[in-house]
file coords.tsv (TSV, C-alpha atoms)
chain	number	residue	atom	x	y	z
A	1	MET	CA	14.72	34.32	50.35
A	2	SER	CA	11.39	36.02	51.20
A	3	GLU	CA	8.09	34.16	51.02
A	4	SER	CA	6.94	36.15	47.97
A	5	THR	CA	10.25	35.56	46.20
A	6	ALA	CA	10.09	31.84	46.95
A	7	GLU	CA	6.53	31.65	45.61
A	8	ALA	CA	7.49	33.47	42.42
A	9	ALA	CA	10.47	31.15	41.95
A	10	LEU	CA	8.27	28.10	42.38
A	11	GLN	CA	5.74	29.40	39.85
A	12	GLY	CA	8.50	30.09	37.32
A	13	HIS	CA	10.07	26.65	37.77
A	14	ARG	CA	8.95	24.41	34.91
A	15	HIS	CA	9.96	20.84	34.16
A	16	PHE	CA	9.11	20.71	30.47
A	17	PHE	CA	11.18	17.80	29.24
A	18	LEU	CA	9.32	16.63	26.14
A	19	GLY	CA	11.12	15.84	22.88
A	20	ALA	CA	11.43	18.43	20.13
A	21	ASP	CA	9.16	16.45	17.79
A	22	HIS	CA	6.57	15.60	20.41
A	23	ARG	CA	3.55	17.23	18.75
A	24	ARG	CA	4.47	16.05	15.24
A	25	SER	CA	5.04	12.53	16.50
A	26	GLU	CA	1.68	12.59	18.23
A	27	ARG	CA	-0.10	13.69	15.06
A	28	ARG	CA	1.69	11.08	12.94
A	29	THR	CA	0.80	8.32	15.37
A	30	TRP	CA	-2.90	9.20	15.28
A	31	ALA	CA	-2.74	9.27	11.45
A	32	VAL	CA	-1.29	5.74	11.38
A	33	ILE	CA	-3.95	4.57	13.83
A	34	VAL	CA	-6.62	5.79	11.40
A	35	LEU	CA	-4.87	3.97	8.53
A	36	CYS	CA	-4.48	0.71	10.45
A	37	GLY	CA	-8.01	0.98	11.84
A	38	ALA	CA	-9.49	1.39	8.37
A	39	MET	CA	-7.44	-1.55	7.07
A	40	MET	CA	-8.45	-3.67	10.04
A	41	ALA	CA	-12.16	-2.90	9.60
A	42	ALA	CA	-12.00	-3.54	5.84
A	43	GLU	CA	-10.33	-6.91	6.33
A	44	ILE	CA	-12.70	-8.10	9.04
A	45	VAL	CA	-15.85	-6.91	7.26
A	46	GLY	CA	-14.62	-8.16	3.90
A	47	GLY	CA	-13.66	-11.51	5.37
A	48	LEU	CA	-17.08	-11.95	6.95
A	49	LEU	CA	-18.89	-10.91	3.77
A	50	PHE	CA	-16.81	-13.12	1.45
A	51	GLY	CA	-16.27	-16.02	3.81
A	52	SER	CA	-12.50	-15.64	4.09
A	53	ILE	CA	-11.26	-16.69	7.51
A	54	ALA	CA	-7.72	-15.73	6.47
A	55	LEU	CA	-8.86	-12.15	5.86
A	56	VAL	CA	-10.61	-12.03	9.24
A	57	ALA	CA	-7.50	-13.44	10.95
A	58	ASP	CA	-5.25	-10.83	9.35
A	59	GLY	CA	-7.67	-8.10	10.42
A	60	LEU	CA	-7.57	-9.32	14.01
A	61	HIS	CA	-3.77	-9.48	13.81
A	62	MET	CA	-3.75	-5.87	12.63
A	63	SER	CA	-5.79	-4.94	15.72
A	64	THR	CA	-2.86	-5.86	17.99
A	65	HIS	CA	-0.65	-3.30	16.28
A	66	ALA	CA	-3.44	-0.72	16.27
A	67	GLY	CA	-3.71	-1.24	20.02
A	68	ALA	CA	0.03	-0.72	20.49
A	69	LEU	CA	-0.10	2.44	18.37
A	70	LEU	CA	-3.06	3.66	20.44
A	71	LEU	CA	-0.94	3.22	23.57
A	72	ALA	CA	1.79	5.35	21.99
A	73	ALA	CA	-0.66	8.07	20.93
A	74	LEU	CA	-2.30	8.23	24.36
A	75	ALA	CA	1.14	8.49	25.98
A	76	TYR	CA	2.00	11.44	23.73
A	77	SER	CA	-1.31	13.14	24.51
A	78	TYR	CA	-1.12	12.59	28.26
A	79	ALA	CA	2.50	13.72	28.49
A	80	ARG	CA	1.72	16.91	26.56
A	81	ARG	CA	-1.43	17.77	28.55
A	82	HIS	CA	0.27	17.19	31.89
A	83	ALA	CA	3.69	18.60	31.02
A	84	ASP	CA	3.29	21.36	33.63
A	85	ASP	CA	1.54	19.25	36.27
A	86	ALA	CA	3.38	19.87	39.55
A	87	ARG	CA	2.64	16.31	40.68
A	88	PHE	CA	5.33	15.08	38.29
A	89	SER	CA	8.55	16.11	40.03
A	90	PHE	CA	10.63	15.81	36.86
A	91	GLY	CA	7.92	16.35	34.26
A	92	THR	CA	6.30	13.81	31.95
A	93	GLY	CA	9.23	13.25	29.59
A	94	LYS	CA	9.68	9.62	30.68
A	95	LEU	CA	6.08	8.66	29.96
A	96	GLY	CA	7.06	7.76	26.41
A	97	ASP	CA	9.69	5.37	27.78
A	98	LEU	CA	7.04	3.73	29.96
A	99	ALA	CA	4.80	3.33	26.91
A	100	GLY	CA	7.76	1.98	24.93
A	101	PHE	CA	8.49	-0.56	27.65
A	102	SER	CA	4.84	-1.68	27.63
A	103	SER	CA	4.89	-1.99	23.84
A	104	ALA	CA	8.05	-4.08	24.06
A	105	ILE	CA	6.25	-6.52	26.36
A	106	VAL	CA	3.38	-6.72	23.85
A	107	LEU	CA	5.93	-7.38	21.08
A	108	ALA	CA	7.46	-10.18	23.11
A	109	MET	CA	4.03	-11.76	23.57
A	110	ILE	CA	3.36	-11.49	19.82
A	111	ALA	CA	6.72	-13.16	19.12
A	112	LEU	CA	5.84	-16.01	21.46
A	113	LEU	CA	2.42	-16.48	19.85
A	114	ILE	CA	3.85	-16.46	16.32
A	115	GLY	CA	6.59	-18.86	17.36
A	116	TYR	CA	4.14	-21.22	19.05
A	117	GLU	CA	1.76	-21.24	16.09
A	118	SER	CA	4.63	-21.72	13.62
A	119	VAL	CA	6.08	-24.68	15.52
A	120	SER	CA	2.59	-26.20	15.77
A	121	ARG	CA	2.13	-25.93	12.01
A	122	LEU	CA	5.62	-27.29	11.40
A	123	LEU	CA	4.73	-30.39	13.41
A	124	GLN	CA	1.18	-30.63	12.08
A	125	PRO	CA	0.93	-28.98	8.63
A	126	VAL	CA	-2.40	-27.41	7.64
A	127	THR	CA	-3.90	-26.66	4.26
A	128	ILE	CA	-2.77	-23.31	2.90
A	129	HIS	CA	-5.09	-21.28	0.66
A	130	PHE	CA	-2.42	-19.60	-1.45
A	131	ALA	CA	-4.85	-17.59	-3.59
A	132	GLU	CA	-6.05	-15.70	-0.52
A	133	ALA	CA	-3.01	-15.76	1.74
A	134	ILE	CA	-0.46	-14.21	-0.65
A	135	PRO	CA	-2.57	-11.14	-1.65
A	136	ILE	CA	-3.48	-10.54	2.01
A	137	ALA	CA	0.18	-10.66	3.03
A	138	GLY	CA	1.02	-8.29	0.18
A	139	LEU	CA	-1.72	-5.86	1.19
A	140	GLY	CA	-0.52	-5.98	4.80
A	141	LEU	CA	3.02	-5.24	3.67
A	142	ILE	CA	1.88	-2.16	1.72
A	143	VAL	CA	-0.06	-0.83	4.73
A	144	ASN	CA	2.89	-1.41	7.05
A	145	ILE	CA	5.34	0.32	4.70
A	146	ALA	CA	2.97	3.30	4.46
A	147	SER	CA	2.64	3.34	8.25
A	148	ALA	CA	6.40	3.23	8.76
A	149	LEU	CA	6.89	6.11	6.31
A	150	LEU	CA	4.23	8.16	8.11
A	151	LEU	CA	5.77	7.53	11.51
A	152	SER	CA	9.41	8.13	10.57
A	153	GLY	CA	8.96	10.96	8.07
A	154	GLY	CA	10.95	14.00	9.14
A	155	HIS	CA	11.47	12.66	12.65
A	156	ASP	CA	14.38	14.38	14.35
A	157	HIS	CA	16.24	12.17	16.81
A	158	HIS	CA	18.97	14.69	17.61
A	159	HIS	CA	17.42	17.67	19.31
A	160	GLY	CA	15.51	18.27	22.51
A	161	ASP	CA	13.20	21.05	23.64
A	162	ARG	CA	14.69	23.82	25.72
A	163	ASP	CA	11.33	25.42	26.48
A	164	HIS	CA	11.66	25.63	30.23
A	165	ASP	CA	12.82	27.89	33.01
A	166	HIS	CA	14.34	27.17	36.37
A	167	ASP	CA	14.49	29.86	38.97
A	168	GLY	CA	15.29	28.49	42.38
A	169	ASP	CA	17.56	29.06	45.31
A	170	HIS	CA	21.33	29.09	45.01
A	171	ASP	CA	21.59	25.31	45.44
A	172	HIS	CA	19.25	24.43	42.56
A	173	ASP	CA	20.58	25.78	39.32
A	174	HIS	CA	19.45	25.14	35.79
A	175	ASP	CA	21.12	25.44	32.43
A	176	ASP	CA	18.59	27.30	30.29
A	177	ASP	CA	20.91	29.76	28.59
A	178	HIS	CA	22.70	27.30	26.30
A	179	ASP	CA	20.45	25.83	23.68
A	180	HIS	CA	23.11	24.31	21.48
A	181	ASP	CA	24.44	20.87	22.29
A	182	HIS	CA	28.09	20.34	21.54
A	183	GLY	CA	29.45	17.25	19.83
A	184	HIS	CA	30.19	15.47	23.09
A	185	ASP	CA	26.56	15.89	24.15
A	186	HIS	CA	25.24	13.80	21.26
A	187	HIS	CA	25.72	10.53	23.03
A	188	SER	CA	23.84	7.39	22.16
A	189	GLY	CA	20.18	7.24	23.15
A	190	ALA	CA	19.97	10.62	24.88
A	191	HIS	CA	17.73	12.13	22.19
A	192	ARG	CA	15.92	8.94	21.19
A	193	ASP	CA	12.13	8.97	21.42
A	194	ASN	CA	11.44	5.43	22.62
A	195	ASN	CA	7.69	5.89	22.28
A	196	MET	CA	8.04	6.56	18.55
A	197	ARG	CA	10.71	3.89	18.32
A	198	ALA	CA	8.27	1.34	19.76
A	199	ALA	CA	5.54	2.38	17.31
A	200	ILE	CA	7.92	2.07	14.36
A	201	ILE	CA	9.15	-1.31	15.59
A	202	HIS	CA	5.56	-2.59	15.70
A	203	VAL	CA	4.87	-1.73	12.06
A	204	ALA	CA	8.40	-2.75	11.00
A	205	ALA	CA	7.95	-6.11	12.72
A	206	ASP	CA	4.65	-6.63	10.94
A	207	ALA	CA	6.27	-5.66	7.64
A	208	ALA	CA	9.18	-8.04	8.23
A	209	VAL	CA	6.79	-10.87	9.01
A	210	SER	CA	4.77	-10.04	5.88
A	211	VAL	CA	7.92	-10.27	3.72
A	212	LEU	CA	8.91	-13.59	5.28
A	213	VAL	CA	5.38	-14.93	4.91
A	214	ILE	CA	5.23	-13.92	1.23
A	215	VAL	CA	8.58	-15.60	0.55
A	216	GLY	CA	7.51	-18.70	2.43
A	217	LEU	CA	4.15	-18.91	0.67
A	218	VAL	CA	5.64	-18.42	-2.79
A	219	LEU	CA	8.23	-21.15	-2.19
A	220	ALA	CA	5.62	-23.45	-0.68
A	221	ARG	CA	3.32	-23.00	-3.69
A	222	SER	CA	6.12	-23.25	-6.27
A	223	PHE	CA	8.01	-26.23	-4.91
A	224	GLY	CA	5.52	-27.82	-2.54
A	225	TRP	CA	7.67	-26.93	0.48
A	226	LEU	CA	4.82	-26.51	2.97
A	227	TRP	CA	7.36	-26.33	5.77
A	228	MET	CA	8.62	-22.99	4.41
A	229	ASP	CA	5.54	-21.13	5.68
A	230	PRO	CA	5.95	-22.07	9.39
A	231	LEU	CA	9.74	-21.70	9.06
A	232	ALA	CA	9.20	-18.12	7.89
A	233	GLY	CA	6.98	-17.60	10.93
A	234	ILE	CA	9.70	-18.86	13.25
A	235	ALA	CA	12.24	-16.52	11.64
A	236	GLY	CA	9.81	-13.62	12.05
A	237	ALA	CA	9.28	-14.51	15.73
A	238	VAL	CA	13.04	-14.47	16.33
A	239	VAL	CA	13.41	-11.05	14.66
A	240	ILE	CA	10.52	-9.57	16.68
A	241	ALA	CA	11.88	-11.05	19.91
A	242	SER	CA	15.31	-9.49	19.31
A	243	TRP	CA	13.75	-6.06	18.68
A	244	SER	CA	11.61	-6.47	21.77
A	245	TYR	CA	14.67	-7.31	23.86
A	246	GLY	CA	16.52	-4.19	22.68
A	247	LEU	CA	13.53	-1.99	23.46
A	248	VAL	CA	13.05	-3.52	26.93
A	249	ARG	CA	16.75	-3.10	27.68
A	250	ASP	CA	16.88	0.57	26.69
A	251	THR	CA	13.57	1.69	28.20
A	252	SER	CA	14.06	-0.17	31.48
A	253	ALA	CA	17.46	1.51	31.89
A	254	ILE	CA	15.77	4.90	31.61
A	255	LEU	CA	12.89	3.97	33.92
A	256	LEU	CA	15.40	2.78	36.52
A	257	ASP	CA	17.41	6.03	36.20
A	258	MET	CA	20.61	4.33	35.08
A	259	THR	CA	23.45	6.63	34.05
A	260	PRO	CA	22.69	7.26	30.36
A	261	ASP	CA	26.29	7.93	29.28
A	262	ARG	CA	29.45	7.17	31.23
A	263	ARG	CA	31.53	9.28	28.87
A	264	LEU	CA	29.42	12.34	29.62
A	265	ALA	CA	29.65	11.60	33.34
A	266	GLU	CA	33.43	11.50	33.04
A	267	ASN	CA	33.43	14.76	31.08
A	268	LEU	CA	31.41	16.37	33.87
A	269	ARG	CA	33.90	15.10	36.42
A	270	GLN	CA	36.83	16.50	34.44
A	271	ALA	CA	35.07	19.87	34.04
A	272	ILE	CA	34.56	20.11	37.81
A	273	GLU	CA	38.00	18.88	38.86
A	274	SER	CA	40.02	20.76	36.22
A	275	GLU	CA	40.78	23.58	38.69
A	276	GLY	CA	41.58	21.54	41.77
A	277	ASP	CA	38.08	20.90	43.12
A	278	ARG	CA	36.80	17.43	43.88
A	279	LEU	CA	33.55	15.88	42.65
A	280	ASP	CA	32.30	13.91	45.65
A	281	ASP	CA	28.97	12.77	44.23
A	282	LEU	CA	27.34	12.67	40.79
A	283	HIS	CA	23.89	11.46	39.75
A	284	LEU	CA	23.06	11.64	36.04
A	285	TRP	CA	19.82	10.40	34.52
A	286	ARG	CA	17.43	11.03	31.61
A	287	VAL	CA	14.19	12.91	32.21
A	288	GLY	CA	13.01	13.02	28.59
A	289	PRO	CA	14.22	12.79	24.98
A	290	GLY	CA	17.17	15.17	24.72
A	291	HIS	CA	16.99	16.11	28.41
A	292	LEU	CA	19.33	14.94	31.16
A	293	ALA	CA	19.25	15.85	34.85
A	294	ALA	CA	22.24	15.90	37.16
A	295	ILE	CA	22.93	16.31	40.87
A	296	ILE	CA	26.51	17.08	41.80
A	297	SER	CA	28.28	17.59	45.09
A	298	VAL	CA	31.56	19.51	44.92
A	299	ALA	CA	34.20	19.77	47.62
A	300	THR	CA	36.40	22.85	47.36
A	301	ASP	CA	38.69	25.00	49.51
A	302	ALA	CA	37.87	28.08	47.41
A	303	GLN	CA	35.07	30.55	48.00
A	304	ARG	CA	32.87	29.43	45.09
A	305	SER	CA	29.11	29.41	44.81
A	306	PRO	CA	26.94	26.92	42.91
A	307	ASP	CA	26.59	29.57	40.19
A	308	TYR	CA	30.31	29.23	39.50
A	309	TYR	CA	29.94	25.53	38.72
A	310	ARG	CA	26.78	26.13	36.78
A	311	ALA	CA	28.75	28.43	34.48
A	312	ARG	CA	31.53	25.86	34.19
A	313	LEU	CA	29.06	23.19	33.07
A	314	ALA	CA	27.11	25.52	30.76
A	315	ARG	CA	28.64	23.99	27.64
A	316	PHE	CA	26.79	20.75	28.33
A	317	GLY	CA	23.57	21.96	26.75
A	318	ILE	CA	21.85	18.62	27.23
A	319	LEU	CA	21.76	19.20	31.01
A	320	SER	CA	18.21	20.48	31.35
A	321	HIS	CA	18.11	20.23	35.14
A	322	LEU	CA	21.16	20.78	37.32
A	323	THR	CA	21.37	20.75	41.11
A	324	VAL	CA	24.68	21.81	42.70
A	325	GLU	CA	25.87	21.34	46.27
A	326	VAL	CA	29.11	23.00	47.36
A	327	VAL	CA	30.84	21.65	50.47
A	328	PRO	CA	34.00	23.32	51.90
A	329	TRP	CA	36.82	20.86	52.42
A	330	HIS	CA	37.31	22.00	55.99
A	331	ALA	CA	33.68	21.07	56.73
A	332	GLN	CA	34.31	17.40	55.89
call {"tool": "encode", "arguments": {"input": "coords.tsv", "output": "structure tokens"}}
result
Amino acid sequence: MSESTAEAALQGHRHFFLGADHRRSERRTWAVIVLCGAMMAAEIVGGLLFGSIALVADGLHMSTHAGALLLAALAYSYARRHADDARFSFGTGKLGDLAGFSSAIVLAMIALLIGYESVSRLLQPVTIHFAEAIPIAGLGLIVNIASALLLSGGHDHHHGDRDHDHDGDHDHDHDDDHDHDHGHDHHSGAHRDNNMRAAIIHVAADAAVSVLVIVGLVLARSFGWLWMDPLAGIAGAVVIASWSYGLVRDTSAILLDMTPDRRLAENLRQAIESEGDRLDDLHLWRVGPGHLAAIISVATDAQRSPDYYRARLARFGILSHLTVEVVPWHAQ
């Protein structure tokens, strides 16, 4: 390959591995930040003006979710603006998973704080101002439901962008001619936007806690069961902790480049070995929502080029980046 050809190939080689709904998700996240920010400011200002510490406390609690949503929005913005930055060897598609992992840690901390406070109040009950607490919890629930609807509305979890090209030498091939994923490509988690998932979990967790708090407060006021309020808090902490664990598990697997789907890996092996060749090495990992990368090493006694195996694997449309090494059997 000449120097000019190599330079042209490098310039035409893009690693654009963002999700199909990236821009829409970014806009929706900023819209929810505005909503939560306005609610937070209204609660804090209103609480200070009317002397309601409960209102101020709920406003400060809302700020934690606004902060988590801000992290998600900034991740979307940064990933989009730097999608073609050559410093990122495999693009910025995994930035959302990093943000999702960070949000999961924040969720775990919130669960611990809620659990600690609930246990403290269970052991040492405090006076509950039902007239203020129930309406505040109801208002928070409405805001969280609206936020969840804004975030999840029209979100497509099943398609990935194919807006990228890959022109390299004969050992670095890319599947950019097959935009349609087949049924076996729709494996679990491959198309999931964990950044949006983390944002939705934050507002869903807040909504779940609001529901539990309302139930606990109503029962405490109706029957004098003051222990129901902290018990509802403990239940909410357990729910949030379980969601946090699931998010940490899934995002950390992606950040550590674990094989995203063993069934797909086996299908790739069968596709390679169906004509007598041998798959000596396979690396499969996720580089963004709806985008997987693979490195394969094939041993064969036939005169076959990497392009031959690229064509054989073309039906796996989710493979957005494919590197092929062909090794003659007699060379081993």
call {"tool": "atom_distance", "arguments": {"input": "coords.tsv", "atom1": "atom CA of A:Val218", "atom2": "atom CA of A:Thr64"}}
result
25.7 Å
call {"tool": "closest_residue", "arguments": {"input": "coords.tsv", "among": "A:Leu217, A:Ala38, A:Leu226, A:Leu247", "to": "A:Ser102", "atoms": "all atoms listed in the file"}}
result
A:Leu247
call {"tool": "residues_around", "arguments": {"input": "coords.tsv", "residues": "stretch 254-256 of chain A", "least_positions_apart": "5", "cutoff": "9 Å", "atoms": "only C-alpha atoms", "output": "NGL selection string"}}
result
:A and (94 or 97-98 or 101 or 249 or 285-287)
call {"tool": "write_last_selection", "arguments": {"input": "coords.tsv", "atoms": "C-alpha atoms", "output": "CSV table (one decimal), in the coordinates of the input"}}
result
chain,number,residue,atom,x,y,z
A,94,LYS,CA,9.7,9.6,30.7
A,97,ASP,CA,9.7,5.4,27.8
A,98,LEU,CA,7.0,3.7,30.0
A,101,PHE,CA,8.5,-0.6,27.6
A,249,ARG,CA,16.8,-3.1,27.7
A,285,TRP,CA,19.8,10.4,34.5
A,286,ARG,CA,17.4,11.0,31.6
A,287,VAL,CA,14.2,12.9,32.2
call {"tool": "atom_distance", "arguments": {"input": "coords.tsv", "atom1": "atom CA of A:Leu18", "atom2": "atom CA of A:Met109"}}
result
29.0 Å
call {"tool": "residues_near_point", "arguments": {"input": "coords.tsv", "point": "(7.6, 17.1, 33.5)", "cutoff": "9 Å", "atoms": "all atoms listed in the file", "output": "NGL selection string"}}
result
:A and (14-18 or 79 or 82-94 or 287-288)
call {"tool": "closest_residue", "arguments": {"input": "coords.tsv", "among": "A:Val324, A:Ala220, A:Ala207, A:Ile136", "to": "A:Met39", "atoms": "all atoms listed in the file"}}
result
A:Ile136
call {"tool": "closest_residue", "arguments": {"input": "coords.tsv", "among": "A:Glu325, A:Gly96, A:Ser252, A:Asn195", "to": "A:Ile295", "atoms": "all atoms listed in the file"}}
result
A:Glu325
call {"tool": "closest_residue", "arguments": {"input": "coords.tsv", "among": "A:Val34, A:Leu112, A:Ala75, A:Met228", "to": "A:Ala198", "atoms": "all atoms listed in the file"}}
result
A:Ala75
call {"tool": "closest_residue", "arguments": {"input": "coords.tsv", "among": "A:Ile240, A:Leu139, A:Ala232, A:Met40", "to": "A:Ala205", "atoms": "all atoms listed in the file"}}
result
A:Ile240
call {"tool": "atom_distance", "arguments": {"input": "coords.tsv", "atom1": "atom CA of A:Asp281", "atom2": "atom CA of A:Gln303"}}
result
19.2 Å
call {"tool": "closest_residue", "arguments": {"input": "coords.tsv", "among": "A:Asp193, A:Asp206, A:Asp250, A:Asp261", "to": "A:Leu284", "atoms": "all atoms listed in the file"}}
result
A:Asp261
call {"tool": "residues_around", "arguments": {"input": "coords.tsv", "residues": "A:Gly67", "least_positions_apart": "5", "cutoff": "10 Å", "atoms": "all atoms listed in the file", "output": "list in words"}}
result
Ile33, Cys36, Gly37, Met62, Ala72, Ala73, Ser103 and Val106 of chain A
call {"tool": "write_last_selection", "arguments": {"input": "coords.tsv", "atoms": "C-alpha atoms", "output": "PDB file, keeping the file's coordinate frame"}}
result
ATOM      1  CA  ILE A  33      -3.950   4.570  13.830  1.00  0.00           C
ATOM      2  CA  CYS A  36      -4.480   0.710  10.450  1.00  0.00           C
ATOM      3  CA  GLY A  37      -8.010   0.980  11.840  1.00  0.00           C
ATOM      4  CA  MET A  62      -3.750  -5.870  12.630  1.00  0.00           C
ATOM      5  CA  ALA A  72       1.790   5.350  21.990  1.00  0.00           C
ATOM      6  CA  ALA A  73      -0.660   8.070  20.930  1.00  0.00           C
ATOM      7  CA  SER A 103       4.890  -1.990  23.840  1.00  0.00           C
ATOM      8  CA  VAL A 106       3.380  -6.720  23.850  1.00  0.00           C
TER       9      VAL A 106
END
call {"tool": "residues_around", "arguments": {"input": "coords.tsv", "residues": "A:Asn267", "least_positions_apart": "4", "cutoff": "12 Å", "atoms": "all atoms listed in the file", "output": "PyMOL selection string"}}
result
chain A and resi 184-185+187+261-263+271-274+279+282+284+312-313+315-316
